[in-house]
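What follows is a short report on a single structure.
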Amino acid sequence: MIFAIEEINQDPSILPNHTLGYKIYNLCGMSSIIKSAVDLASGQRMIIDERNCTEPDNVLAIIGHSGSTPTMGFARIMGRFQIPVVSHFATCACLSDREEFPSFFRTIPSDLHQSRALAKLVKFFGWTWVGAISNINDYGINGITRFMHAAQEEGVCIEYNMAFEQTDHLRELMKVVETVKYSTSKVIVAFMSHREIKVLADELYKQNITGLQWVGSDAWITDHSLTDTEGHNILLGSLGFAVNRAQIPGLEEHLRRLHPSHLPHSQFVRDFWEDTFDCSLNATADTRRKPCSGSESLQNTDTFFTDVSELRFTHNVYKSVYAVAHSLHNLVTCEEGKGHFSDRSCADPEHIQPWQVLHYLQHINFTTRQGERVTFDQSGDSPARYELINLQHVSSGTMDVATVGFFDATLAHERQFMMNGVQIVWGGGSRTVPVSVCTDSCPPGKHKVLQKGKPVCCYDCIPCPDGEISNITDSVECIKCPIEYWPNTRGDTCILKEIEFLSYSEIMGIILTIFCLVGAVLTVLIALVFFHYRQTPVVRANNSELSFLLLFSLTLCFLCSLTFIGRPSEWSCMLRHTAFGITFVLCISCVLGKTIVVLMAFKATLPGSNVMKWFGPAQQRLSVLAFTLIQVLICILWLTIKPPFPLKNTEHYKEKIILECALGSPVGFWAVLGYIGLLALLCFVLAFLARKLPDNFNEAKFITFSMLIFCAVWMTFIPAYVSSPGKFTVAVEIFAILASSYGLLFSIFIPKCYIILLRPEQNTKKHMMRKPNDSHL
C-alpha cells in the first residue's frame, strides 16, 4: 500500500499538485477494528493524551480489511457515513448487498463466483460425491453454502457438511476428523482460512488418514504458512482457485530498502528483522542473540518477505490504492458542466467529501500498468477471474504451486472454465485422477434409478427396457427406438430390425420350392402319360376330359404355392390368395364332377334309368365352371372391398419385422377357405356313398381317400395357421396346399399310372367289365 501511494505521488499524470497521505490502524481483534472504524467515522485521530483531542482527520477512503467478518463489522459503520471501503481480501458474497453495505468495494472477486468455479471444478473431474468443510464465520458459512447450491445445480452431491473454528474445543475438531475418516467420498472441499486447514491437516496426519483430494478456497490454497504445519504432506496435490498472479515493477526494490529505522515503532518490522538476521535490536531485551550491527540489509538476502514471484492478493492492495487515486483524480480534474452532481457540477477540490469520492469510485474504469482493467459493478464487485492452482510440492519451508487452469466469469458460460494442459499432481502425489462417486457411472445401455432415501448421486444402473436405448454415460432415462429399429446387444444404439419373410434363399424356402416344382413336374408327366394312353380303358373309364382338367388345376395348385415365397408386394399378396382359392376350387370341382359321374354311371345301369343324359359331358363342364365362377365372384368382391396388402408386422416380434400379407378383409379370406371346405365336404360325402358300388375299377374309393387326406390337412391347417408366427404362417399354408395337392395326385392318378405302365394286362375292356367276384383263369 505504501509503495503504491509513493508511486502515485511521484507520477505527474495522476493527481498533479496533490499528495496522498495515509494512516495505518494495525490492531488485532474485532473490538479494536470497530474502535478504529468509529475513530475514522468521527474524524478523530488516536487519542494520545486524554486531556486534549486532536484535530479532525479528513478520511476520504479506507483500504481493508482482509477478513470478511471484520470488514462486515466496520463497513456497516462506514456505509452510514458514506465513507468508501475498498477491500483486497474480503470475499464473502454477503458484502455485495448494497442496502447493507452501500459504500463497500473490493478488488477481489466475490465468493459467489469462487463457489461456482469450485462446483464446476469438481464436476469437470467427475467428482459427484464430495465432502464439505468450512470454518464458522461469515466467509466459511456463506462460501460453503453457495458452493453446495452451485454443486447441486451441477449434479454434484454433498455427503457431509461440517464446520469448526480453530479456537473450538478439541472435540469439535475430532467430530470433523471422524466424519472424514468414515466417509466414502475421496474429495473434500475446504472453504476456510489457513488457520483451520493447518489444524485439520495436523490431526488427519496424526491419525494417518490419507488418500484424500483436497479442493481449497483462495484463503489458503496459496498461503505459504501451510509449509509450517506438521501435516503439510496431507495437502499435497490440492486444487483451488486464487486470484490471478501479477508483477509489480519496483516492489521488490522497495521491500529490500526496508530498515527498522524507517518504522521505529513497528513491532512487526522489529520481529521480522531480528528473526531474519538472528540479532537483537535491543541488546538488553534478548541476551540470547547478538546485538544488530546496523549494517544488516535485505538487498542481498532472499526471504519470503522479499519474494514477489507470487503476487496475488498483494496485487489487489495495489489495485485498491490506484482505484481510490483514480477516483480522486477524476474528481479534482472535473470540468465545470461535465460533473457528476446536480446541474452537472463538480466537487470543490479544496473541500472533498467522502460521499463524493464514493460516487466517483463507483464509476472508475482504468487499466493498470500491468494491463489489467479495473472497474466495479453496481454491487462494488470486481470482474471474477481466477487461476486454478495445484500444490505440486509441499515441504517444510517450501511450497511449489502451478497454474493448471483458468476461470473467467466474464466469458460465455461454456468457456468460463478451461484447463491449460499442465500436468496435475493429485492428492498424495498420485499421477492418476482420483475417483469420488457414490455409484459408478452407468455405461451406455443402462439408465439411472435413484436409490430410495439417498441423494440423486446414489443410484442403481438398470438395463434399458426392451425397445429402448441410452447412448450416453449416466443416462437418466432411455430413448425409445423408432418403430423399425431395435437396440443392439449393448443397448446403446438403435439398429434396423431384421426383416423376416419366407425367401427363396433360405433352407425352408428352397425345400418348399423344390416340392412345388417336383409336384408340378410330376403332374405334367402324369398328364403326358394319360395323353399318350388316352384311348385305353383306364383313361376313358372316368371322363378323361375331367381328368385332364384336374391335372391342369393340380399343376396350378403346385405353382401357385410359389407366390407365397419371396418378399411380399401389393400384387403378390392379391395373387397368392386369389390364385390359391380359384385353382383349388377348380381342382375340387373336377373331383366333385368325377364323383358325380361315378354315381350317375351306376344309376344308369339300373333298368329304366335315364340319368346319364342329365349329366353328360356338357353338364359336367358347366358344373365345374359354375362352381369355379362362384369362387371367382368371392375373390372379386374381396379384392374390390378390402384386398390383401403387404404389411410390416412389428407386433408379433419386438426385435424383428415380419413382412407378411395382411388379409385385408378376414371375411373374404375365410369365405374363400369356407367355400373350398364346403365343396371338399360335399365331394367326400358323395365319394363315401359311392365307395362300395360294384365295379372292377371303382374310382370313388380313391376319391374318398383323397378327400379324407384333403379334409384332414385343412382341418389341422386352421389352428396351425392361426398360431404359427411370422414366416412359419406362410410355410404352414404352403404345406397345406402341397399336402392336399399331393394327396389328390397320388390317390387318384398314381393307381391308374400303375396299371397303365406296370399292369398293362389290366388296362383292357374285358378286365374293366369283369365282376370283382369272378375268379382268375
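Chain labels run A, B, ... following the order of the C-alpha cells; each chain numbers its residues from 1, and ligands are numbered from 1 in the order shown.
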Report as a PDB file with N, CA and C atoms, in the first residue's frame: the residues of range 482-603 of chain A with a DSSP assignment of strand (DSSP E), based on the backbone of this structure.
```
ATOM      1  N   TYR A 485     -36.700 -49.891 -35.780  1.00  0.00           N
ATOM      2  CA  TYR A 485     -35.367 -50.100 -35.212  1.00  0.00           C
ATOM      3  C   TYR A 485     -35.471 -50.865 -33.896  1.00  0.00           C
ATOM      4  N   TRP A 486     -34.337 -51.443 -33.518  1.00  0.00           N
ATOM      5  CA  TRP A 486     -34.280 -52.237 -32.282  1.00  0.00           C
ATOM      6  C   TRP A 486     -32.885 -52.080 -31.672  1.00  0.00           C
ATOM      7  N   PRO A 487     -32.781 -52.080 -30.340  1.00  0.00           N
ATOM      8  CA  PRO A 487     -31.459 -51.906 -29.713  1.00  0.00           C
ATOM      9  C   PRO A 487     -30.504 -53.034 -30.078  1.00  0.00           C
ATOM     10  N   CYS A 494     -29.614 -47.838 -31.744  1.00  0.00           N
ATOM     11  CA  CYS A 494     -30.760 -48.420 -32.440  1.00  0.00           C
ATOM     12  C   CYS A 494     -30.299 -48.886 -33.822  1.00  0.00           C
ATOM     13  N   ILE A 495     -30.525 -50.131 -34.116  1.00  0.00           N
ATOM     14  CA  ILE A 495     -30.171 -50.676 -35.423  1.00  0.00           C
ATOM     15  C   ILE A 495     -31.447 -51.134 -36.119  1.00  0.00           C
ATOM     16  N   LEU A 496     -31.384 -51.189 -37.442  1.00  0.00           N
ATOM     17  CA  LEU A 496     -32.545 -51.638 -38.201  1.00  0.00           C
ATOM     18  C   LEU A 496     -32.927 -53.053 -37.777  1.00  0.00           C
ATOM     19  N   GLU A 498     -34.214 -56.806 -38.001  1.00  0.00           N
ATOM     20  CA  GLU A 498     -34.115 -57.864 -39.005  1.00  0.00           C
ATOM     21  C   GLU A 498     -35.477 -58.025 -39.676  1.00  0.00           C
ATOM     22  N   ILE A 499     -35.475 -58.056 -40.984  1.00  0.00           N
ATOM     23  CA  ILE A 499     -36.725 -58.205 -41.734  1.00  0.00           C
ATOM     24  C   ILE A 499     -36.887 -59.679 -42.089  1.00  0.00           C
ATOM     25  N   GLU A 500     -38.011 -60.243 -41.701  1.00  0.00           N
ATOM     26  CA  GLU A 500     -38.232 -61.682 -41.877  1.00  0.00           C
ATOM     27  C   GLU A 500     -39.382 -61.925 -42.845  1.00  0.00           C
TER      28      GLU A 500
END
```
Please, which residues in range 1-108 of chain A fall within 12 Å of range 224-244 of chain A when counting only C-alpha atoms, and what is the closest atom pair and distance in Å to one decimal for each, ordered by chain then residue number, as CSV?
```
residue,atom,partner,partner_atom,distance
A:His88,CA,A:Val243,CA,10.6
A:Phe89,CA,A:Val243,CA,10.0
A:Thr91,CA,A:Val243,CA,11.2
A:Thr107,CA,A:Val243,CA,9.9
A:Ile108,CA,A:Val243,CA,7.2
```
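Residue nearest Lys454 in chain A, chosen from A:Trp129, A:Leu678, A:Val86, A:Arg116 and counting only C-alpha atoms: A:Trp129.
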Can you pull out the residues contacting range 260-263 of chain A? Cut-off 12 Å, using only C-alpha atoms, and skip same-chain residues under 4 positions away; I want them as a PyMOL selection string.
chain A and resi 255-256+267-274+280-282+292+294-298
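Compared by their closest atoms to Glu100 in chain A, and using only C-alpha atoms, the residues A:Asn330, A:Leu60, A:Ala712, A:Ser379 rank with A:Ser379 nearest.
When only C-alpha atoms are used to compute distances to Ala4 in chain A, the closest of the residues A:Pro568, A:Gly155, A:Pro249, A:Gly126 turns out to be A:Pro249.
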Would you compute the distance between CA of Thr640 in chain A and CA of Phe627 in chain A? Give it in Å to one decimal.
20.5 Å
